[in-house]
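Comments concern the structure below.
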Amino acid sequence: MLTLSRVSRRYGGTVALDGVDFVVPENTYMSLLGASGSGKTTLLRLISGFEEPDAGEIAIDGERIDGKAPHLRDIGFVFQNFALFPHLTVAQNVAFGLRYSAVSPVRDEAEIAGRTQDALQLVGLDGFGHRSVSAISGGQRQRVALARTLVTEPRIVLLDEPLGALDANLRARMCDELKAIRERLGVSFLHVTGSETEALTMGDKVAVLANGRIVQSDTPDVLFSSPRNAEAARHLNAWNIFDAGLCGAASEAVRLAVRFDQIDVAPQGQVPSDRPHLSAKYLTGEFNGPTALAFFRSKDGTLMQVVDHLSCPRLPALVEGQSYDLHFAFDAARQFQEAV
Ligand SMILES: Nc1ncnc2c1ncn2[C@@H]1O[C@H](COP(=O)(O)OP(=O)(O)OP(=O)(O)O)[C@@H](O)[C@H]1O
């Protein structure tokens with residue numbers, strides 16, 4: 001189990017991490033979701049030892065690792081661009097970590113060959129060992145990078161936007177592969193991403209990092225259906241967040257959040273009396289295959305989104321520039337006290 005307690009890091013006047021408390025349990029696929037600049041890379045660099053925190057503690061299984069040199073931490077790192085050695089073969093890239101380990105270099109050629117073979121088999125690259133890494137596909141390079149990390153049997157593997165360099169189809173396939181490989185190994189993966197879909201698909205748990213703080217860490221279904229605050233909700237790209245005052249609610253200080261799929265649209269003045277509603281102008285629609293998104297602008301300028309599923313359509317015919325009443329069930333709304 002990896003534990004970060006009150007970890008902070010600043011660069012000059014910029015606070016990159018601000019008292020982060022964070023746990024990656026054993027045998028878990030943990031996603032870390034954060035926007036650009038939220039501190040994701042800094043967090044990985046502190047865990048792996050490329051940088052040290054200004055304050056706080058980092059421990060694995062209760063043993064402090066902050067202050068230790070990176071190669072003594074037993075942590076694997078898969079970089080976004082894979083960072084392979086282009087002049088070496090697939091097998092040589094994977095074997096590199098074993099041969100040149102600072103702690104326990106492996107000299108026995110038979111052992112190196114055996115462990116390299118096992119690692120390549122694990123990531124589905126059996127038979128590719130002799131190939132040059134410049135003569136394989138992006139997805140295969142990704143797997144070589146993973147095999148090179150896994151062959152050293154790290155206690156935890158950090159993956160920095162590991163799917164970012166792959167095209168969309170390959171990304172979906174590698175999502176499944178990464179999960180399966182981790183399950184076979186039983187080590188924890190900490191997968192950093194800016195994509196909410198990727199974070200929710202991959203993670204047994206998902207932590208949301210915003211402005212250098214973990215704002216929520218939960219299972220994907222709990223996070224998605226019950227974000228604890230507006231910041232977490234905003235990262236899921238599925239919630240409209242707006243002032244309660246827009247639908248005539250008493251307290252203007254409260255923000256409401258209602259999911260894109262839980263808002264209905266009616267011509268003005270035709271909302272059932274028990275449903276809160278707000279007036280908004282229809283801007284445009286976006287067709288995405290099985291779903292369609294409708295965009296509205298409320299009176300105070302907030303952009304509102306409503307999703308319609310083609311198999312069960314519920315939106316009326318909409319005219320651009322016309323105002324409608326957006327309404328929802330009272331218990332579909334989450335209430336947040338904080339200002340946004
Ligand atoms: N070496 C540095 N010197 C100064 N500021 C830095 C340095 N590294 C990071 N920062 C700042 O710290 C904050 C967090 O940066 P970090 O790279 O951790 O974010 P990130 O979430 O990984 O972003 P991205 O997804 O864009 O890579 C940012 O405001 C960034 O500008």
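Chain identifiers are assigned as A, B, and so on, following the order in which chains appear in the structure tokens; residues are numbered from 1 within each chain, and ligands are numbered from 1 in order of appearance.
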| query | Near segment 72-87 of chain A, counting only C-alpha atoms, which residues have an atom at most 10 Å away, once you skip same-chain residues fewer than 4 positions from it, shown as a ChimeraX atom specification? | reply | /A:44-45,47-49,59-60,64-68,92-94,96,101-103,132-135,138,141-166,189-192
Generate the output file for the selected residues, C-alpha atoms, as a tab-separated table (two decimals), in the first residue's frame.
```tsv
chain	number	residue	atom	x	y	z
A	44	LEU	CA	4.41	10.99	-9.86
A	45	ARG	CA	7.85	12.60	-9.69
A	47	ILE	CA	6.55	9.16	-5.56
A	48	SER	CA	9.26	7.91	-7.91
A	49	GLY	CA	11.94	10.05	-6.27
A	59	ALA	CA	5.49	5.46	2.45
A	60	ILE	CA	5.05	1.97	1.02
A	64	ARG	CA	9.11	5.88	4.41
A	65	ILE	CA	10.46	6.16	0.87
A	66	ASP	CA	10.79	9.95	0.57
A	67	GLY	CA	14.46	10.85	0.81
A	68	LYS	CA	15.50	7.55	-0.81
A	92	GLN	CA	17.34	-5.94	-25.17
A	93	ASN	CA	15.10	-3.06	-24.06
A	94	VAL	CA	13.28	-5.34	-21.62
A	96	PHE	CA	18.16	-3.59	-19.79
A	101	SER	CA	19.84	-2.63	-11.87
A	102	ALA	CA	21.71	-0.51	-9.31
A	103	VAL	CA	20.58	-2.73	-6.45
A	132	SER	CA	13.97	-3.52	-33.45
A	133	VAL	CA	11.73	-1.22	-31.38
A	134	SER	CA	11.58	1.10	-34.37
A	135	ALA	CA	9.95	-1.72	-36.41
A	138	GLY	CA	2.71	2.20	-31.19
A	141	ARG	CA	6.00	-0.10	-28.11
A	142	GLN	CA	3.69	0.66	-25.22
A	143	ARG	CA	3.77	-3.00	-24.22
A	144	VAL	CA	7.58	-3.12	-24.46
A	145	ALA	CA	7.74	-0.14	-22.10
A	146	LEU	CA	5.44	-1.97	-19.72
A	147	ALA	CA	7.41	-5.23	-19.97
A	148	ARG	CA	10.64	-3.35	-19.31
A	149	THR	CA	9.14	-1.98	-16.10
A	150	LEU	CA	7.44	-5.22	-14.99
A	151	VAL	CA	10.51	-7.43	-15.51
A	152	THR	CA	12.14	-5.84	-12.44
A	153	GLU	CA	9.12	-6.82	-10.30
A	154	PRO	CA	8.39	-3.39	-8.81
A	155	ARG	CA	6.12	-3.00	-5.78
A	156	ILE	CA	3.96	-0.47	-7.63
A	157	VAL	CA	3.85	0.79	-11.23
A	158	LEU	CA	3.31	4.46	-12.10
A	159	LEU	CA	1.91	5.14	-15.57
A	160	ASP	CA	2.07	8.74	-16.81
A	161	GLU	CA	-0.71	9.22	-19.41
A	162	PRO	CA	0.24	5.80	-20.85
A	163	LEU	CA	-2.35	5.86	-23.62
A	164	GLY	CA	-1.81	9.46	-24.70
A	165	ALA	CA	0.45	8.58	-27.64
A	166	LEU	CA	-1.95	5.96	-29.07
A	189	PHE	CA	-0.93	0.44	-10.91
A	190	LEU	CA	-1.27	4.22	-10.51
A	191	HIS	CA	-2.47	5.51	-13.88
A	192	VAL	CA	-2.44	9.27	-14.41
```
Taking a cut-off of 7 Å and counting only C-alpha atoms and all ligand atoms, can you build a table that, for each residue of chain A near ligand 1, reports the nearest atom pair and how far apart they are in Å (one decimal), sorted by chain then residue number, as a Markdown table?
```
| residue | atom | partner | partner_atom_place_in_ligand_line | distance |
| --- | --- | --- | --- | --- |
| A:Tyr11 | CA | ligand 1 | 4 (C) | 4.7 |
| A:Gly12 | CA | ligand 1 | 4 (C) | 6.7 |
| A:Thr14 | CA | ligand 1 | 12 (O) | 6.0 |
| A:Val15 | CA | ligand 1 | 12 (O) | 6.4 |
| A:Ala16 | CA | ligand 1 | 12 (O) | 4.1 |
| A:Gly34 | CA | ligand 1 | 21 (O) | 6.0 |
| A:Ala35 | CA | ligand 1 | 21 (O) | 5.9 |
| A:Ser36 | CA | ligand 1 | 26 (O) | 3.5 |
| A:Gly37 | CA | ligand 1 | 19 (O) | 3.5 |
| A:Ser38 | CA | ligand 1 | 21 (O) | 3.9 |
| A:Gly39 | CA | ligand 1 | 18 (O) | 3.1 |
| A:Lys40 | CA | ligand 1 | 21 (O) | 3.8 |
| A:Thr41 | CA | ligand 1 | 22 (O) | 3.6 |
| A:Thr42 | CA | ligand 1 | 18 (O) | 3.7 |
| A:Leu43 | CA | ligand 1 | 18 (O) | 6.4 |
| A:Gly194 | CA | ligand 1 | 25 (O) | 6.5 |
```
| request: Would you mind writing down, as a PyMOL selection string, each residue of segment 107-263 of chain A that DSSP on the backbone assigns to alpha helix (DSSP H)? | output: chain A and resi 109-122+138-150+168-185+196-202+220-225+230-235
Residues near segment 260-275 of chain A, anyone? I mean within 9 Å using only C-alpha atoms, not counting same-chain ones fewer than 2 positions away, as a short mmCIF file (atom, residue, chain, number, x, y, z; two decimals) with N, CA and C atoms, in the first residue's frame.
```cif
data_model
loop_
_atom_site.label_atom_id
_atom_site.label_comp_id
_atom_site.auth_asym_id
_atom_site.auth_seq_id
_atom_site.Cartn_x
_atom_site.Cartn_y
_atom_site.Cartn_z
N ASN A 237 -17.24 15.63 -16.42
CA ASN A 237 -17.79 16.05 -17.71
C ASN A 237 -19.15 15.41 -17.98
N ALA A 238 -19.99 15.32 -16.94
CA ALA A 238 -21.30 14.70 -17.07
C ALA A 238 -22.33 15.46 -16.24
N TRP A 239 -21.87 16.51 -15.55
CA TRP A 239 -22.74 17.25 -14.64
C TRP A 239 -22.86 18.71 -15.04
N ASN A 240 -24.09 19.24 -15.04
CA ASN A 240 -24.30 20.69 -15.14
C ASN A 240 -24.20 21.25 -13.73
N VAL A 258 -26.63 18.73 -11.68
CA VAL A 258 -27.56 17.73 -12.22
C VAL A 258 -26.92 17.12 -13.46
N HIS A 277 -37.07 23.93 -12.16
CA HIS A 277 -36.70 24.17 -13.57
C HIS A 277 -36.02 25.52 -13.71
N SER A 279 -34.86 28.48 -16.97
CA SER A 279 -35.03 28.83 -18.37
C SER A 279 -33.66 28.93 -19.05
N LEU A 293 -26.14 15.30 -27.93
CA LEU A 293 -26.03 16.31 -26.88
C LEU A 293 -26.73 17.57 -27.33
N MET A 304 -25.32 24.80 -20.33
CA MET A 304 -26.00 23.60 -19.82
C MET A 304 -26.02 22.55 -20.93
N GLN A 305 -25.84 21.29 -20.55
CA GLN A 305 -25.85 20.22 -21.54
C GLN A 305 -26.89 19.16 -21.16
N VAL A 306 -27.58 18.67 -22.17
CA VAL A 306 -28.57 17.61 -21.95
C VAL A 306 -28.25 16.49 -22.93
N VAL A 307 -28.18 15.26 -22.42
CA VAL A 307 -27.86 14.14 -23.31
C VAL A 307 -29.13 13.35 -23.58
N ASP A 308 -29.28 12.94 -24.85
CA ASP A 308 -30.43 12.15 -25.25
C ASP A 308 -29.90 10.83 -25.80
N HIS A 309 -30.52 9.73 -25.42
CA HIS A 309 -30.09 8.42 -25.93
C HIS A 309 -31.03 8.02 -27.06
N ARG A 314 -36.03 11.56 -25.53
CA ARG A 314 -36.98 12.25 -24.65
C ARG A 314 -36.98 13.76 -24.88
N LEU A 315 -36.16 14.25 -25.85
CA LEU A 315 -36.14 15.69 -26.11
C LEU A 315 -37.19 16.05 -27.15
N PRO A 316 -37.88 17.19 -26.98
CA PRO A 316 -38.80 17.65 -28.02
C PRO A 316 -37.99 18.21 -29.21
N SER A 323 -36.05 29.81 -26.21
CA SER A 323 -35.88 29.46 -24.80
C SER A 323 -36.79 28.30 -24.41
N TYR A 324 -36.25 27.44 -23.53
CA TYR A 324 -37.00 26.26 -23.04
C TYR A 324 -36.85 26.21 -21.53
N ASP A 325 -37.67 25.38 -20.91
CA ASP A 325 -37.50 25.12 -19.48
C ASP A 325 -36.77 23.79 -19.31
N LEU A 326 -35.62 23.84 -18.63
CA LEU A 326 -34.89 22.61 -18.31
C LEU A 326 -35.34 22.19 -16.92
N HIS A 327 -35.82 20.96 -16.78
CA HIS A 327 -36.34 20.55 -15.48
C HIS A 327 -35.82 19.18 -15.07
N PHE A 328 -35.91 18.90 -13.77
CA PHE A 328 -35.31 17.67 -13.24
C PHE A 328 -36.02 17.30 -11.94
N ALA A 329 -35.83 16.03 -11.56
CA ALA A 329 -36.39 15.59 -10.28
C ALA A 329 -35.58 16.21 -9.15
N PHE A 330 -36.25 16.61 -8.09
CA PHE A 330 -35.57 17.27 -6.98
C PHE A 330 -34.42 16.41 -6.45
N ALA A 332 -32.59 14.35 -8.00
CA ALA A 332 -31.49 14.13 -8.95
C ALA A 332 -30.40 15.18 -8.76
N ALA A 333 -30.73 16.26 -8.04
CA ALA A 333 -29.77 17.36 -7.89
C ALA A 333 -28.89 17.15 -6.67
#
```
| To one decimal place, how far is atom CA of Lys299 of chain A from atom CA of Gly285 of chain A in Å? | 18.8 Å
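The two atoms in question, atom CA of Gly139 of chain A and atom CA of Ala168 of chain A, are spaced 11.1 Å apart.
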| said: DSSP on the backbone: which residues in segment 35-172 of chain A end up as strand (DSSP E or B)? Give the answer as a PyMOL selection string. | reply: chain A and resi 55-60+63-64+75-78+89+132+156-160
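Neighbouring residues of segment 26-32 of chain A at 9 Å or closer, counting only C-alpha atoms and skipping chain neighbours under 5 positions away, are A:Met1, A:Leu2, A:Lys40, A:Ile156, A:Lys179, A:Arg182, A:Glu183, A:Leu185, A:Gly186, A:Val187, A:Ser188, A:Phe189, A:Leu190, A:His191, A:Val192, A:Thr193, A:Gly194, A:Glu198, A:Ala199, A:Leu200, A:Met202, A:Gly203, A:Asp204, A:Lys205, A:Val206, A:Ala207, A:Val208, A:Leu209, A:Ser217.
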Keeping only C-alpha atoms, write the selected residues as an mmCIF file, in the first residue's frame.
```
data_model
loop_
_atom_site.group_PDB
_atom_site.id
_atom_site.type_symbol
_atom_site.label_atom_id
_atom_site.label_comp_id
_atom_site.auth_asym_id
_atom_site.auth_seq_id
_atom_site.Cartn_x
_atom_site.Cartn_y
_atom_site.Cartn_z
ATOM 1 C CA MET A 1 0.000 0.000 0.000
ATOM 2 C CA LEU A 2 1.308 3.418 -1.021
ATOM 3 C CA LYS A 40 -0.282 15.020 -11.690
ATOM 4 C CA ILE A 156 3.962 -0.468 -7.634
ATOM 5 C CA LYS A 179 -6.232 -4.124 -16.734
ATOM 6 C CA ARG A 182 -2.291 -5.917 -13.789
ATOM 7 C CA GLU A 183 -4.761 -8.509 -12.596
ATOM 8 C CA LEU A 185 0.458 -9.693 -11.679
ATOM 9 C CA GLY A 186 -1.413 -8.521 -8.603
ATOM 10 C CA VAL A 187 0.703 -5.332 -8.178
ATOM 11 C CA SER A 188 -0.908 -1.899 -7.925
ATOM 12 C CA PHE A 189 -0.929 0.441 -10.908
ATOM 13 C CA LEU A 190 -1.269 4.221 -10.508
ATOM 14 C CA HIS A 191 -2.468 5.508 -13.875
ATOM 15 C CA VAL A 192 -2.443 9.266 -14.405
ATOM 16 C CA THR A 193 -4.746 10.758 -17.008
ATOM 17 C CA GLY A 194 -6.623 13.888 -17.994
ATOM 18 C CA GLU A 198 -10.143 6.577 -19.276
ATOM 19 C CA ALA A 199 -10.002 7.134 -15.508
ATOM 20 C CA LEU A 200 -13.468 5.668 -14.952
ATOM 21 C CA MET A 202 -9.573 1.706 -15.926
ATOM 22 C CA GLY A 203 -9.726 2.371 -12.234
ATOM 23 C CA ASP A 204 -10.895 0.089 -9.449
ATOM 24 C CA LYS A 205 -10.678 3.447 -7.711
ATOM 25 C CA VAL A 206 -10.426 6.965 -9.113
ATOM 26 C CA ALA A 207 -8.856 9.933 -7.340
ATOM 27 C CA VAL A 208 -9.507 13.462 -8.599
ATOM 28 C CA LEU A 209 -6.671 15.979 -8.290
ATOM 29 C CA SER A 217 -11.065 9.262 -4.093
#
```
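Across A:Ala55, A:Leu122, A:Leu33, A:Ala292, the tightest approach to Arg234 of chain A is made by A:Leu33 when counting only C-alpha atoms.
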| query | So which residues touch Ala230 of chain A within 10 Å, counting only C-alpha atoms, skipping near sequence neighbours fewer than 3 positions away, as a count of residues only? | reply | 19
| All residues 12 Å or closer to Asp126 of chain A, only C-alpha atoms, same chain fewer than 2 positions away omitted, as a ChimeraX atom specification | /A:90-91,116-124,128-131,140,143-144,147
